[in-house]
file structure_11.csv (CSV, C-alpha atoms)
chain,number,residue,atom,x,y,z
C,1,MET,CA,-40.2,-41.3,55.6
C,2,GLU,CA,-40.8,-44.6,53.7
C,3,VAL,CA,-37.9,-43.7,51.4
C,4,LEU,CA,-35.6,-43.3,54.4
C,5,LYS,CA,-36.7,-46.7,55.7
C,6,ASP,CA,-36.0,-48.3,52.4
C,7,LEU,CA,-32.6,-46.8,52.2
C,8,ALA,CA,-31.8,-48.0,55.8
C,9,ARG,CA,-32.8,-51.5,54.8
C,10,VAL,CA,-30.6,-51.4,51.7
C,11,GLY,CA,-27.7,-50.2,53.7
C,12,LEU,CA,-28.1,-52.9,56.2
C,13,CYS,CA,-28.3,-55.6,53.5
C,14,LEU,CA,-25.2,-54.3,51.8
C,15,THR,CA,-23.3,-54.2,55.1
C,16,LEU,CA,-24.3,-57.8,55.9
C,17,THR,CA,-23.4,-59.0,52.4
C,18,LEU,CA,-19.9,-57.3,52.5
C,19,ALA,CA,-19.3,-58.7,56.0
C,20,THR,CA,-20.2,-62.2,54.8
C,21,ALA,CA,-17.9,-61.9,51.7
C,22,HIS,CA,-15.1,-60.6,53.9
C,23,SER,CA,-15.5,-63.5,56.3
C,24,PHE,CA,-15.5,-66.0,53.4
C,25,ALA,CA,-12.3,-64.4,52.0
C,26,GLU,CA,-10.5,-64.8,55.3
C,27,THR,CA,-11.4,-68.5,55.5
C,28,LEU,CA,-10.7,-69.4,51.8
C,29,PRO,CA,-6.9,-70.0,52.1
C,30,ALA,CA,-7.4,-72.8,54.6
C,31,ALA,CA,-10.2,-74.4,52.5
C,32,SER,CA,-8.0,-74.2,49.4
C,33,ALA,CA,-5.2,-76.0,51.2
C,34,THR,CA,-7.4,-79.0,52.0
C,35,ARG,CA,-9.2,-79.2,48.6
C,36,SER,CA,-6.4,-78.5,46.1
C,37,PRO,CA,-3.8,-81.2,45.7
C,38,ALA,CA,-1.5,-78.6,44.0
C,39,SER,CA,-1.5,-76.4,47.1
C,40,THR,CA,2.0,-75.9,48.6
C,41,SER,CA,3.7,-73.2,50.6
C,42,ASP,CA,4.4,-71.4,47.3
C,43,SER,CA,0.7,-71.2,46.5
C,44,SER,CA,-1.8,-68.6,47.7
C,45,THR,CA,-5.4,-67.6,46.8
C,46,THR,CA,-6.9,-64.2,47.5
C,47,ILE,CA,-10.5,-63.0,47.1
C,48,SER,CA,-11.1,-59.3,47.2
C,49,GLY,CA,-13.7,-56.8,45.9
C,50,PHE,CA,-15.3,-53.4,46.3
C,51,ALA,CA,-18.6,-51.6,46.2
C,52,ASP,CA,-18.9,-48.1,44.9
C,53,VAL,CA,-22.4,-46.7,45.6
C,54,GLY,CA,-23.9,-43.3,46.1
C,55,TYR,CA,-25.9,-40.4,44.6
C,56,SER,CA,-25.5,-38.6,41.3
C,57,TRP,CA,-26.9,-35.2,40.4
C,58,ILE,CA,-26.8,-33.6,36.9
C,59,ASP,CA,-28.2,-30.1,36.2
C,60,GLU,CA,-31.5,-30.2,34.3
C,61,ASP,CA,-31.2,-33.9,33.8
C,62,SER,CA,-33.5,-35.7,36.3
C,63,PHE,CA,-33.3,-38.9,34.2
C,64,ASN,CA,-29.6,-39.5,35.1
C,65,SER,CA,-29.9,-38.1,38.7
C,66,GLY,CA,-30.6,-40.3,41.7
C,67,PHE,CA,-29.1,-43.1,43.8
C,68,ARG,CA,-26.6,-45.2,41.9
C,69,LEU,CA,-24.5,-48.3,42.0
C,70,PHE,CA,-21.5,-46.7,40.3
C,71,ALA,CA,-19.5,-49.8,40.2
C,72,GLY,CA,-18.5,-53.0,42.0
C,73,SER,CA,-16.2,-55.9,41.4
C,74,LEU,CA,-15.3,-59.3,42.7
C,75,MET,CA,-11.6,-60.3,42.1
C,76,VAL,CA,-9.9,-63.7,42.5
C,77,GLU,CA,-6.2,-64.1,42.4
C,78,HIS,CA,-4.0,-67.2,42.6
C,79,LYS,CA,-0.2,-67.3,42.7
C,80,PHE,CA,2.1,-70.3,42.4
C,81,GLN,CA,5.8,-69.6,42.3
C,82,ASP,CA,6.4,-67.4,39.3
C,83,SER,CA,2.9,-67.9,37.8
C,84,ARG,CA,-0.3,-65.9,38.5
C,85,PHE,CA,-4.0,-66.2,37.7
C,86,TYR,CA,-6.3,-63.2,37.9
C,87,LEU,CA,-10.1,-62.8,37.4
C,88,ASP,CA,-11.9,-59.5,37.7
C,89,LEU,CA,-15.8,-59.6,37.5
C,90,PRO,CA,-17.1,-56.0,37.4
C,91,ILE,CA,-20.7,-55.3,38.6
C,92,LYS,CA,-22.8,-52.5,37.2
C,93,TRP,CA,-26.4,-51.4,37.6
C,94,ALA,CA,-28.5,-52.5,34.7
C,95,GLY,CA,-30.5,-49.3,34.7
C,96,PRO,CA,-32.6,-47.8,31.9
C,97,LEU,CA,-30.9,-46.4,28.8
C,98,ASP,CA,-31.4,-43.0,27.3
C,99,THR,CA,-29.1,-43.1,24.2
C,100,ASP,CA,-30.5,-39.9,22.6
C,101,ASN,CA,-30.5,-38.0,25.9
C,102,ASP,CA,-34.1,-36.8,25.5
C,103,GLY,CA,-35.1,-37.7,29.0
C,104,ILE,CA,-37.2,-40.7,27.8
C,105,ALA,CA,-35.9,-44.1,28.7
C,106,ASP,CA,-35.2,-46.5,25.9
C,107,SER,CA,-35.8,-49.5,28.3
C,108,ALA,CA,-37.5,-50.0,31.6
C,109,ALA,CA,-35.5,-49.5,34.8
C,110,THR,CA,-34.7,-52.7,36.8
C,111,ASN,CA,-32.9,-53.5,40.0
C,112,ASN,CA,-30.8,-56.1,38.1
C,113,PHE,CA,-27.0,-56.0,37.8
C,114,ASP,CA,-24.8,-56.4,34.7
C,115,LEU,CA,-22.0,-58.8,35.6
C,116,ALA,CA,-18.7,-58.7,33.7
C,117,LYS,CA,-20.2,-56.9,30.7
C,118,GLU,CA,-17.6,-54.1,30.8
C,119,LYS,CA,-14.0,-53.8,31.9
C,120,ALA,CA,-13.8,-57.5,32.8
C,121,GLN,CA,-10.4,-59.2,33.2
C,122,LEU,CA,-9.2,-62.7,32.9
C,123,TYR,CA,-5.5,-63.4,32.3
C,124,LEU,CA,-2.5,-65.6,33.1
C,125,GLU,CA,0.9,-64.2,34.1
C,126,HIS,CA,4.3,-65.8,34.2
C,127,LYS,CA,7.7,-64.3,35.2
C,128,VAL,CA,11.0,-65.3,33.8
C,129,GLY,CA,13.8,-63.2,35.4
C,130,GLU,CA,13.2,-59.5,34.6
C,131,TRP,CA,10.5,-60.3,32.1
C,132,THR,CA,6.7,-60.9,32.7
C,133,LEU,CA,4.4,-62.4,30.1
C,134,THR,CA,0.7,-61.7,30.3
C,135,LEU,CA,-1.9,-63.6,28.2
C,136,GLY,CA,-5.6,-62.9,28.2
C,137,GLN,CA,-7.8,-59.8,28.8
C,138,PHE,CA,-6.3,-57.1,30.9
C,139,ASP,CA,-6.6,-53.4,31.7
C,140,SER,CA,-5.0,-51.0,29.4
C,141,ILE,CA,-1.6,-49.6,30.3
C,142,TYR,CA,-2.5,-46.2,28.8
C,143,GLY,CA,-4.0,-43.2,30.7
C,144,TYR,CA,-3.2,-41.8,34.1
C,145,GLU,CA,-6.5,-42.9,35.8
C,146,ALA,CA,-7.3,-46.5,36.4
C,147,ASN,CA,-10.4,-48.1,34.8
C,148,ASP,CA,-12.3,-48.2,38.0
C,149,ALA,CA,-13.2,-44.9,39.7
C,150,ALA,CA,-12.8,-46.7,43.1
C,151,ASP,CA,-9.0,-46.9,42.4
C,152,ASN,CA,-8.8,-43.1,41.7
C,153,PHE,CA,-9.0,-40.0,43.9
C,154,PHE,CA,-12.2,-38.6,42.4
C,155,ALA,CA,-15.6,-40.1,42.6
C,156,ARG,CA,-16.1,-40.2,38.8
C,157,LEU,CA,-13.7,-41.0,36.0
C,158,ALA,CA,-12.3,-38.2,33.9
C,159,TRP,CA,-14.1,-37.6,30.5
C,160,VAL,CA,-10.7,-37.9,28.8
C,161,GLY,CA,-10.1,-41.2,30.4
C,162,ILE,CA,-13.4,-42.7,29.3
C,163,ASN,CA,-13.4,-41.3,25.8
C,164,VAL,CA,-9.8,-41.1,24.7
C,165,SER,CA,-7.2,-43.2,26.6
C,166,HIS,CA,-9.0,-46.0,28.5
C,167,GLY,CA,-9.8,-49.5,27.5
C,168,THR,CA,-8.9,-53.2,28.0
C,169,HIS,CA,-6.9,-55.4,25.8
C,170,ASN,CA,-7.4,-59.0,24.8
C,171,GLY,CA,-4.1,-60.4,23.8
C,172,LEU,CA,-0.4,-60.6,24.8
C,173,MET,CA,1.7,-58.2,26.8
C,174,LEU,CA,5.5,-58.5,27.4
C,175,ALA,CA,6.8,-56.4,30.3
C,176,HIS,CA,10.4,-55.8,31.4
C,177,GLN,CA,11.6,-54.1,34.6
C,178,ARG,CA,15.1,-53.1,35.4
C,179,GLY,CA,15.6,-50.7,38.2
C,180,PRO,CA,13.6,-47.5,37.6
C,181,TRP,CA,13.2,-48.4,33.9
C,182,SER,CA,10.2,-50.3,32.5
C,183,LEU,CA,9.1,-51.5,29.0
C,184,ASN,CA,5.7,-52.8,28.0
C,185,LEU,CA,4.9,-54.3,24.5
C,186,ILE,CA,1.4,-55.2,23.5
C,187,ALA,CA,-0.2,-57.2,20.6
C,188,SER,CA,-3.9,-57.5,21.1
C,189,ASP,CA,-7.5,-57.0,20.0
C,190,ALA,CA,-9.1,-53.8,21.3
C,191,VAL,CA,-12.1,-54.2,23.6
C,192,GLY,CA,-13.9,-51.8,26.0
C,193,LYS,CA,-14.7,-48.1,25.6
C,194,GLY,CA,-12.6,-45.3,24.3
C,195,SER,CA,-10.9,-44.5,21.1
C,196,LEU,CA,-8.8,-47.7,21.5
C,197,GLY,CA,-11.9,-49.8,21.7
C,198,ASN,CA,-12.2,-50.2,17.9
C,199,THR,CA,-11.5,-52.8,15.2
C,200,SER,CA,-8.5,-55.1,16.0
C,201,PRO,CA,-5.7,-55.8,15.8
C,202,GLU,CA,-3.5,-53.3,17.7
C,203,TYR,CA,0.2,-53.1,18.4
C,204,GLY,CA,2.0,-50.8,20.7
C,205,GLY,CA,4.0,-50.2,23.9
C,206,MET,CA,5.1,-47.9,26.6
C,207,ILE,CA,8.5,-47.0,28.1
C,208,GLY,CA,8.8,-45.5,31.5
C,209,TYR,CA,11.2,-44.2,34.2
C,210,THR,CA,9.8,-44.2,37.7
C,211,GLN,CA,11.3,-43.1,41.0
C,212,GLU,CA,9.8,-42.6,44.5
C,213,ASN,CA,9.0,-38.9,43.8
C,214,GLY,CA,8.0,-39.0,40.2
C,215,TYR,CA,7.7,-40.7,36.8
C,216,LEU,CA,7.8,-40.2,33.1
C,217,LYS,CA,6.1,-42.5,30.6
C,218,LEU,CA,5.8,-42.5,26.8
C,219,GLY,CA,3.2,-44.6,25.1
C,220,TYR,CA,2.3,-45.4,21.5
C,221,ILE,CA,-0.1,-47.8,19.8
C,222,GLU,CA,-1.4,-48.4,16.2
C,223,TYR,CA,-4.8,-49.8,15.5
C,224,SER,CA,-7.5,-49.9,12.8
C,225,ASP,CA,-10.8,-48.1,13.2
C,226,HIS,CA,-13.2,-49.8,10.7
C,227,GLY,CA,-10.4,-50.1,8.2
C,228,ASP,CA,-8.9,-46.6,8.8
C,229,PRO,CA,-5.3,-46.8,10.2
C,230,MET,CA,-5.0,-44.9,13.5
C,231,ARG,CA,-2.1,-43.9,15.8
C,232,PHE,CA,-2.3,-43.0,19.5
C,233,SER,CA,0.6,-41.4,21.4
C,234,GLU,CA,0.7,-40.4,25.0
C,235,ILE,CA,2.9,-38.7,27.6
C,236,LEU,CA,2.4,-39.3,31.3
C,237,LEU,CA,4.2,-37.2,33.9
C,238,GLY,CA,3.9,-37.3,37.7
C,239,LEU,CA,5.4,-35.6,40.7
C,240,MET,CA,4.7,-37.0,44.2
C,241,ARG,CA,5.6,-35.2,47.4
C,242,ASP,CA,4.9,-35.8,51.1
C,243,HIS,CA,1.5,-34.0,51.0
C,244,TRP,CA,0.6,-33.5,47.4
C,245,ASP,CA,0.6,-35.2,44.0
C,246,LEU,CA,0.6,-33.6,40.5
C,247,HIS,CA,-0.1,-35.7,37.4
C,248,LEU,CA,-0.2,-34.8,33.7
C,249,GLU,CA,-1.6,-36.7,30.7
C,250,LEU,CA,-1.2,-35.6,27.1
C,251,ASP,CA,-2.9,-37.6,24.3
C,252,HIS,CA,-2.9,-37.4,20.5
C,253,VAL,CA,-5.0,-39.5,18.2
C,254,ASP,CA,-4.0,-39.4,14.5
C,255,GLN,CA,-6.1,-40.7,11.6
C,256,VAL,CA,-3.3,-41.6,9.2
C,257,GLY,CA,-3.5,-39.6,5.9
C,258,GLN,CA,-6.5,-37.5,7.1
C,259,GLN,CA,-6.7,-34.1,8.8
C,260,ASP,CA,-8.9,-35.5,11.6
C,261,ASP,CA,-6.7,-35.5,14.7
C,262,THR,CA,-7.8,-35.4,18.3
C,263,GLN,CA,-5.8,-33.8,21.2
C,264,ALA,CA,-6.6,-34.2,24.8
C,265,PHE,CA,-5.0,-33.3,28.2
C,266,LEU,CA,-5.6,-34.0,31.8
C,267,VAL,CA,-4.1,-32.4,34.9
C,268,SER,CA,-4.8,-33.8,38.3
C,269,PHE,CA,-3.7,-32.2,41.6
C,270,THR,CA,-4.4,-33.7,45.0
C,271,SER,CA,-3.4,-32.7,48.5
C,272,GLN,CA,-3.5,-34.6,51.8
C,273,ALA,CA,-4.6,-32.3,54.6
C,274,ASN,CA,-4.2,-35.0,57.3
C,275,ASP,CA,-4.6,-38.7,57.7
C,276,LYS,CA,-8.4,-38.4,57.2
C,277,TRP,CA,-9.1,-35.6,54.7
C,278,ALA,CA,-7.8,-34.8,51.2
C,279,TRP,CA,-8.9,-32.5,48.4
C,280,GLY,CA,-8.2,-32.3,44.7
C,281,LEU,CA,-8.6,-30.4,41.4
C,282,ARG,CA,-8.8,-31.9,37.9
C,283,PHE,CA,-8.7,-30.0,34.6
C,284,GLU,CA,-9.2,-31.7,31.3
C,285,GLY,CA,-9.9,-30.8,27.7
C,286,THR,CA,-10.4,-32.3,24.3
C,287,SER,CA,-10.3,-30.8,20.8
C,288,ASP,CA,-10.0,-31.9,17.2
C,289,TYR,CA,-7.6,-30.6,14.5
C,290,PRO,CA,-10.2,-29.0,12.2
C,291,GLY,CA,-11.5,-27.1,15.3
C,292,THR,CA,-15.1,-28.4,14.9
C,293,TYR,CA,-15.4,-29.6,18.5
C,294,ARG,CA,-14.0,-28.6,21.9
C,295,ARG,CA,-14.8,-29.7,25.4
C,296,MET,CA,-13.4,-28.5,28.8
C,297,ASP,CA,-14.1,-30.1,32.3
C,298,GLN,CA,-13.1,-28.8,35.7
C,299,THR,CA,-13.7,-31.0,38.8
C,300,ALA,CA,-13.2,-30.3,42.5
C,301,GLY,CA,-13.1,-33.2,44.8
C,302,LEU,CA,-13.1,-34.0,48.6
C,303,LYS,CA,-12.1,-37.3,50.0
C,304,ARG,CA,-12.7,-38.6,53.6
C,305,THR,CA,-11.0,-41.8,54.8
C,306,VAL,CA,-13.4,-43.3,57.4
C,307,ASN,CA,-11.3,-46.4,58.1
C,308,ASP,CA,-9.0,-48.9,56.4
C,309,HIS,CA,-12.0,-50.3,54.3
C,310,LEU,CA,-14.3,-47.3,53.8
C,311,VAL,CA,-13.8,-44.1,51.9
C,312,VAL,CA,-16.3,-41.3,51.1
C,313,LYS,CA,-15.8,-39.0,48.1
C,314,LEU,CA,-17.6,-35.9,46.9
C,315,ASP,CA,-17.2,-34.3,43.4
C,316,TYR,CA,-18.5,-31.2,41.7
C,317,ARG,CA,-17.9,-30.9,37.9
C,318,HIS,CA,-18.5,-28.1,35.5
C,319,SER,CA,-18.4,-29.0,31.8
C,320,LYS,CA,-18.5,-26.9,28.6
C,321,SER,CA,-18.6,-28.1,25.1
C,322,GLN,CA,-18.7,-26.3,21.8
C,323,SER,CA,-19.4,-27.4,18.2
C,324,THR,CA,-18.3,-24.9,15.6
C,325,GLN,CA,-20.1,-26.7,12.8
C,326,GLY,CA,-23.5,-25.9,14.3
C,327,ALA,CA,-22.2,-22.9,16.3
C,328,THR,CA,-23.7,-24.5,19.4
C,329,GLU,CA,-22.5,-24.4,23.0
C,330,SER,CA,-23.6,-26.3,26.0
C,331,LYS,CA,-22.8,-26.2,29.7
C,332,GLU,CA,-23.5,-28.8,32.4
C,333,ASP,CA,-23.0,-28.9,36.1
C,334,SER,CA,-23.0,-32.2,38.0
C,335,ALA,CA,-22.1,-33.7,41.4
C,336,ALA,CA,-21.6,-37.1,42.8
C,337,LEU,CA,-21.3,-38.5,46.4
C,338,SER,CA,-19.9,-42.0,46.6
C,339,ALA,CA,-19.0,-44.5,49.3
C,340,VAL,CA,-16.3,-47.0,48.4
C,341,TYR,CA,-15.9,-50.1,50.6
C,342,ARG,CA,-13.1,-52.6,49.9
C,343,PHE,CA,-12.3,-56.0,51.3

call {"tool": "encode", "arguments": {"input": "structure_11.csv", "output": "structure tokens"}}
result
Amino acid sequence: MEVLKDLARVGLCLTLTLATAHSFAETLPAASATRSPASTSDSSTTISGFADVGYSWIDEDSFNSGFRLFAGSLMVEHKFQDSRFYLDLPIKWAGPLDTDNDGIADSAATNNFDLAKEKAQLYLEHKVGEWTLTLGQFDSIYGYEANDAADNFFARLAWVGINVSHGTHNGLMLAHQRGPWSLNLIASDAVGKGSLGNTSPEYGGMIGYTQENGYLKLGYIEYSDHGDPMRFSEILLGLMRDHWDLHLELDHVDQVGQQDDTQAFLVSFTSQANDKWAWGLRFEGTSDYPGTYRRMDQTAGLKRTVNDHLVVKLDYRHSKSQSTQGATESKEDSAALSAVYRF
């Protein structure tokens, strides 16, 4: 009973905090107009954010099961004519670490938050005709899923997205858009998680063709992993219809001159039953060229749209990994219930 009371208090405090932030965001443009001498009719400031909270369960892993702050973020955007400023400050629970997965915490659990320690963004953007120049730290253009699970259909990010294709870049990006065709060129340092989050520098790009009912994108990037030259190539394909979407991601990581390649795939299918309910299936797998490691994940998800600001998600995932070097195989079942509120 005491636990239920505590949870009710936490929920009330979170609701009040979000309501206060929402009210502040609505009044900010008027305040900006009076305080900033550069403010004109071409200028606008927007504050937004989200909270992604819920409960996580992992089979035979009580250490990583329990109530969780999955993610959160506070975002500030300012536009003036063809220029744009963007700041994204992610929030994450600074919980205990169990790096060797033995069920014993490496550090004590706290109720503190980590602010902007992972996936943070700060960049400037300027448009000249059909070209857009971005300078700073920004989300990667690679991978089907976005860096934040709150921006995706499923409650949790795909394993492939976290470990193969995702990251952020600290550098320069030049983008060109003409009709359905797009071109992105990147020169940057690699930061963040994933196989792209290694020793800098990195150079790459992506070309895409996008229409209302589908898209095709081809990506490539070269980088150095502790002195070893690496190549990452990717194919993204999507089909969108009135009531369902199908997305495919194919990745290949090549260590130049070595027989140590990694292949990965992700297939995501989602269907909208009505204006409130939707369901989805996700299949993903990773393997290396020598055949020493393989992993497969299957996820089933349910999504409920409560209102324009609140969405509830439920995921169930089955994972299976195999290492041929030690002839070992492991299986894991997990589930997550998350509530995402945006303002």

call {"tool": "closest_residue", "arguments": {"input": "structure_11.csv", "among": "C:Ser323, C:Asn170, C:Ser287, C:Ser268", "to": "Phe154 in chain C", "atoms": "all atoms listed in the file"}}
result
C:Ser268

call {"tool": "closest_atom_pairs", "arguments": {"input": "structure_11.csv", "of": "range 109-145 of chain C", "to": "range 209-227 of chain C", "cutoff": "10 Å", "atoms": "only C-alpha atoms", "output": "JSON lines"}}
result
{"residue": "C:Ile141", "atom": "CA", "partner": "C:Gly219", "partner_atom": "CA", "distance": 8.7}
{"residue": "C:Tyr142", "atom": "CA", "partner": "C:Gly219", "partner_atom": "CA", "distance": 7.0}
{"residue": "C:Gly143", "atom": "CA", "partner": "C:Gly219", "partner_atom": "CA", "distance": 9.2}
{"residue": "C:Tyr144", "atom": "CA", "partner": "C:Lys217", "partner_atom": "CA", "distance": 10.0}

call {"tool": "write_last_selection", "arguments": {"input": "structure_11.csv", "atoms": "C-alpha atoms", "output": "PDB file, in the frame of the given file"}}
result
ATOM      1  CA  ILE C 141      -1.600 -49.600  30.300  1.00  0.00           C
ATOM      2  CA  TYR C 142      -2.500 -46.200  28.800  1.00  0.00           C
ATOM      3  CA  GLY C 143      -4.000 -43.200  30.700  1.00  0.00           C
ATOM      4  CA  TYR C 144      -3.200 -41.800  34.100  1.00  0.00           C
TER       5      TYR C 144
END

call {"tool": "residues_around", "arguments": {"input": "structure_11.csv", "residues": "Gly301 in chain C", "least_positions_apart": "4", "cutoff": "7 Å", "atoms": "all atoms listed in the file", "output": "PDB file with C-alpha atoms, keeping the file's coordinate frame"}}
result
ATOM      1  CA  PHE C 154     -12.200 -38.600  42.400  1.00  0.00           C
ATOM      2  CA  TRP C 279      -8.900 -32.500  48.400  1.00  0.00           C
ATOM      3  CA  GLY C 280      -8.200 -32.300  44.700  1.00  0.00           C
ATOM      4  CA  LEU C 281      -8.600 -30.400  41.400  1.00  0.00           C
ATOM      5  CA  LEU C 314     -17.600 -35.900  46.900  1.00  0.00           C
ATOM      6  CA  ASP C 315     -17.200 -34.300  43.400  1.00  0.00           C
ATOM      7  CA  TYR C 316     -18.500 -31.200  41.700  1.00  0.00           C
TER       8      TYR C 316
END

call {"tool": "residues_around", "arguments": {"input": "structure_11.csv", "residues": "Asn274 in chain C", "least_positions_apart": "2", "cutoff": "12 Å", "atoms": "all atoms listed in the file", "output": "PyMOL selection string"}}
result
chain C and resi 242-244+271-272+276-279+303-305

call {"tool": "atom_distance", "arguments": {"input": "structure_11.csv", "atom1": "CA of Ala71 in chain C", "atom2": "CA of Gly136 in chain C"}}
result
22.6 Å

call {"tool": "closest_residue", "arguments": {"input": "structure_11.csv", "among": "C:His169, C:His126, C:His247, C:Lys313", "to": "Phe80 in chain C", "atoms": "only C-alpha atoms"}}
result
C:His126
